[in-house]
Amino acid sequence: MTDLLWLIPALPLASATLLIFGSQWWGPRSVAALGVGSVAAAGVCVLLTILSWQGAPLQQTLWTWIAVGELSAGVSFYIDGLTLVMLSVITGVGFLIHLYSAEFMSGDASYARYFAYLNLFVTAMLTLVMADNLLLLFLGWEGVGACSYLLVGFWHFDAANGAAARKAFVVTRVGDAAMALGLFLLFREFGTLDIQALGSAATAQWEVGDPTAVLATALLLGGAVGKSAQLPLHTWLPDAMAGPTPVSALIHAATMVTAGVYLIARTHELFLLAPPTLAAVAIIGLLTLLLAAFTALCQNDIKRILAWSTISQIGYMFLGLGVGAWSASIFHLMTHAFFKALLFLAAGAIIHCLHHEHDIRKMGGLRSRLPLVFLSFLIGAAALSALPLTSGFFSKDLIVLAAFEAPGIGPWLWAGAVLGAFLTALYSFRLVFVVFFGRADTLPDRQPGPAMAMPLSVLCVFSLAGGWLGIPVASVFPTAAEAHPALWVEAVSIGLPLLGVAMAYVLFLGRQWDASGLVESAPGQTLFRFWHAGWRVDGLYDWLWVKPFVGLTVLLKSEPVDRLYGAVVALCQFCHQQLSRSQSGRLRQYATVMAAGVIVLLGVVWRAAGG
Amino acid sequence: MILGLFYVAAAVALLSTAMALSRTNAAHALIYLIMSLLSVAVIFFIIGAPFAAALEIVIYAGAIMVLFVFVIMMLNLGETGQIREREWLKPRSWILPGIFAAALLAELLILENGLSGTTTGVAVEPKAVGLTLFGPYVLAVELASMLLLAGLVGAYHVGRSFLARDRGVKHQ
Amino acid sequence: MDGLQVPLEHVLGLASLLFALGLTGLMVRRNILFVLMSLEVMLNSAALAFVAAGAHWGQPDGQVVFMLVLTVTAAEVSVGLGLVLQIQRRFHTLDIDAATRLRG
């Protein structure tokens with residue numbers, strides 16, 4: 001079935017091309033048909049590939065892309081279990097979100113442009129996961145970055161959206177630069193960028209803990225951190241919520257931001273040779289998930305809460321990667337794609353039905369008025385909180401238990417992870433209780449139509465039952481020992497999310513315990529503001545990078561170096577003026593000066609003659 | 001006795017030069033200058049250069065000074081010129097030039113101090129001068145002739161428009 | 001004048017004095033006629049120095065150079081007097097300080 005492989009990225013690309021160059025010829029209906037249909041067709045191709053898959057990796061080379069000296073990179077695909085999981089998520093969730101967008105974006109003036117960008121994004125993302133060499137992967141990597149920029153700034157008439165898009169682009173660029181350096185290093189060491197060849201060559205050439213391996217993987221990790229919005233490059237993701245909500249669901253929850261996880265999983269053979277980097281992955285994941293969870297607790301914008309929770313969940317995936325629970329991480333990536341897309345789409349439905357209202361304090365009592373959305377959101381929040389038997393439970397539990405088993409700092413990682421799980425449940429159900437229960441402040445003026453309802457329903461099913469799906473990655477990753485921690489560890493892992501839900505109920509719905517006094521107090525306010533501002537990381541970067549840079553540009557704007565040369569010019573002009581004053585045109589003065597010169601000259605002659 | 005003549009001539013030369021350069025009337029100054037030149041001619045004769053003495057009288061005092069006389073006559077300065085000269089020659093304007101000239105003179109005299117030689121006392125005849133002039137210095141003679149030609153052309157060109165105006169012809 | 005030996009130092013001293021006088025006149029006088037006269041005096045003093053040196057060595061070279069100086073003087077005076085006439089015509093004065101068109 002390798003014949004169909006090239007069609008998977010080619011179909012959305014063709015659609016995007018048609019939409020970009022022929023947008024004026026099609027009405028909204030054909031635009032939607034083209035945009036949604038191309039992704040659906042790609043999804044069918046993926047499905048056919050899966051059905052005919054024998055378990056062995058598929059490879060297909062279309063043509064040689066670049067051949068310069070030693071470097072030879074082809075447009076060639078490598079399909080194994082990991083790729084298939086990613087392909088399914090991208091085309092499956094992508095198709096649902098495209099379908100949803102067809103209704104959500106209806107009436108927008110740039111309908112065709114939206115679908116063109118979205119299709120282009122899907123193309124780039126598919127290229128990223130299908131690439132068999134790191135250069136093609138990097139092409140897809142930069143492609144999704146560019147599409148993210150275009151879609152975050154989709155409503156570019158508002159300057160704030162443009163600023164958010166720029167921020168997303170520039171901050172991820174920091175990581176991408178690191179990744180490019182990593183690629184250069186790997187190429188210098190091995191003379192190839194082919195992923196499979198790199199893996200075997202590295203295993204043969206490097207000892208475990210080789211400094212070069214640590215450096216190369218750290219640079220790759222830099223790229224992953226940037227793209228996946230992990231500490232310290234996470235600040236762009238909350239601002240990226242300026243884009244349309246389906247975009248947030250597709251790019252900034254389900255697919256693009258997990259590219260970092262995919263990259264690390266794809267190059268796990270390199271990372272296994274660099275235990276320090278792997279530990280750094282785990283610690284970055286843990287810190288990010290805690291930071292993001294605390295921040296999510298203090299937000300009021302429904303999309304920003306979900307954005308911070310995305311950062312937090314990707315932190316879990318990094319934690320899993322760091323402790324060697326590769327398949328658990330990829331599993332969580334998949335289930336997270338389901339329930340986070342569901343949550344975003346449900347939030348989009350609320351926003352859509354409430355006149356673009358984002359503030360959860362102005363929502364309330366939507367349970368009966370938007371029943372389908374309520375159900376979707378409830379299921380999504382349950383999965384996000386990892387309540388038992390939902391999809392999130394299975395994947396997150398695997399990661400948490402694997403973290404406990406990690407040598408050395410394992411229990412600490414586990415403690416942080418379950419604290420994060422508790423917080424996750426708390427902020428998820430805060431959202432549910434505040435938005436859907438209580439007094440109805442703003443009334444919806446419409447109900448989601450079938451194109452929005454259908455993806456919600458399908459994603460509900462997957463969010464609930466996705467945990468029972470098996471993912472065929474056993475052949476990709478080294479087999480990890482089955483985690484069998486003590487019973488109390490399992491009990492705490494399962495129980496804390498439930499406790500979080502209960503606490504959310506007590507705080508936000510039943511109001512048995514009013515914490516407002518605690519929040520209103522001076523230290524409470526300080527802490528609240530600190531967490532609300534995302535631990536003031538933005539302010540720190542502003543102070544650390546932006547302000548000095550702006551100061552430097554202001555300084556350079558006045559051309560300080562030119563002033564030096566200007567001074568030389570001014571000196572010359574001054575001397576010129578003084579000397580031309582001596583040029584009076586008076587002959588007698590010249591004669592006098594000449595006489596003085598002769599006097600001096602004779603004096604010199606006299607001295608020289610020994611007088 | 002004759003050596004005393006040298007010092008008399010030198011004194012006359014200095015005095016008449018000083019008078020020449022401090023007059024307000026150009027014609028008077030010219031007469032003093034001619035006197036200075038004549039005394040220098042005497043000195044030439046005394047130190048043994050009779051040919052130079054003759055040339056000094058014929059060309060310097062005779063031809064060149066007559067040129068000055070012609071020009072002074074053409075300009076016809078008269079009484080107003082003298083009044084203006086007196087205004088220009090304020091005592092203050094002598095200070096700086098005097099200092100400079102004195103300094104230069106002092107340096108020259110210091111450098112000349114201690115020269116013990118004298119003139120030979122034997123006149124160098126015009127024949128010897130002529131032989132030298134058209135022997136080793138023939139190139140210098142050619143150059144001098146070129147210079148005189150250039151002076152002739154230059155003087156004609158510079159003075160032409162003045163002469164033309166006087167004839168009532170407009171040139172420029 | 002056979003046998004008359006004039007000290008060279010005195011002749012050169014006279015030349016120096018004449019030169020200094022001429023220089024003073026050149027720097028002091030504003031009338032261009034007097035400026036030319038000062039130049040004559042200075043050239044003459046230089047010529048005197050040459051002739052004196054020639055007399056010291058009993059050679060004709062001093063007088064040869066005197067003739068060259070004479071040539072230069074003649075050319076200079078002829079052009080200089082032409083310029084005097086031009087200045088009188090253009091500025092209606094003989095003041096050399098009036099001709100300052102070359103001021104920088």
# chains A, B, ... in the order shown; residues from 1 in each chain; ligands from 1
>>> residues_around(residues="A:His156", least_positions_apart="6", cutoff="12 Å", atoms="only C-alpha atoms", output="ChimeraX atom specification")
/A:110,149-150,162-166,242-244
>>> closest_atom_pairs(of="chain A", to="chain B", cutoff="8 Å", atoms="only C-alpha atoms", output="JSON lines")
{"residue": "A:Thr592", "atom": "CA", "partner": "B:Pro97", "partner_atom": "CA", "distance": 7.1}
{"residue": "A:Ala595", "atom": "CA", "partner": "B:Phe100", "partner_atom": "CA", "distance": 7.0}
{"residue": "A:Ala596", "atom": "CA", "partner": "B:Phe100", "partner_atom": "CA", "distance": 6.8}
{"residue": "A:Val598", "atom": "CA", "partner": "B:Leu104", "partner_atom": "CA", "distance": 7.8}
{"residue": "A:Ile599", "atom": "CA", "partner": "B:Leu104", "partner_atom": "CA", "distance": 5.5}
{"residue": "A:Leu602", "atom": "CA", "partner": "B:Glu107", "partner_atom": "CA", "distance": 6.9}
{"residue": "A:Gly603", "atom": "CA", "partner": "B:Glu107", "partner_atom": "CA", "distance": 7.1}
{"residue": "A:Trp606", "atom": "CA", "partner": "B:Leu111", "partner_atom": "CA", "distance": 6.8}
>>> closest_residue(among="A:Gly94, A:Gly55, A:Gly191, A:Gly69", to="A:Val36", atoms="only C-alpha atoms")
A:Gly94
>>> closest_residue(among="C:Met42, C:His10, C:His56, C:His92", to="chain B", atoms="only C-alpha atoms")
C:His56
>>> residues_around(residues="stretch 19-24 of chain B", least_positions_apart="5", cutoff="12 Å", atoms="only C-alpha atoms", output="ChimeraX atom specification")
/B:12-14,29-37,77-91,94 /C:18,20-42
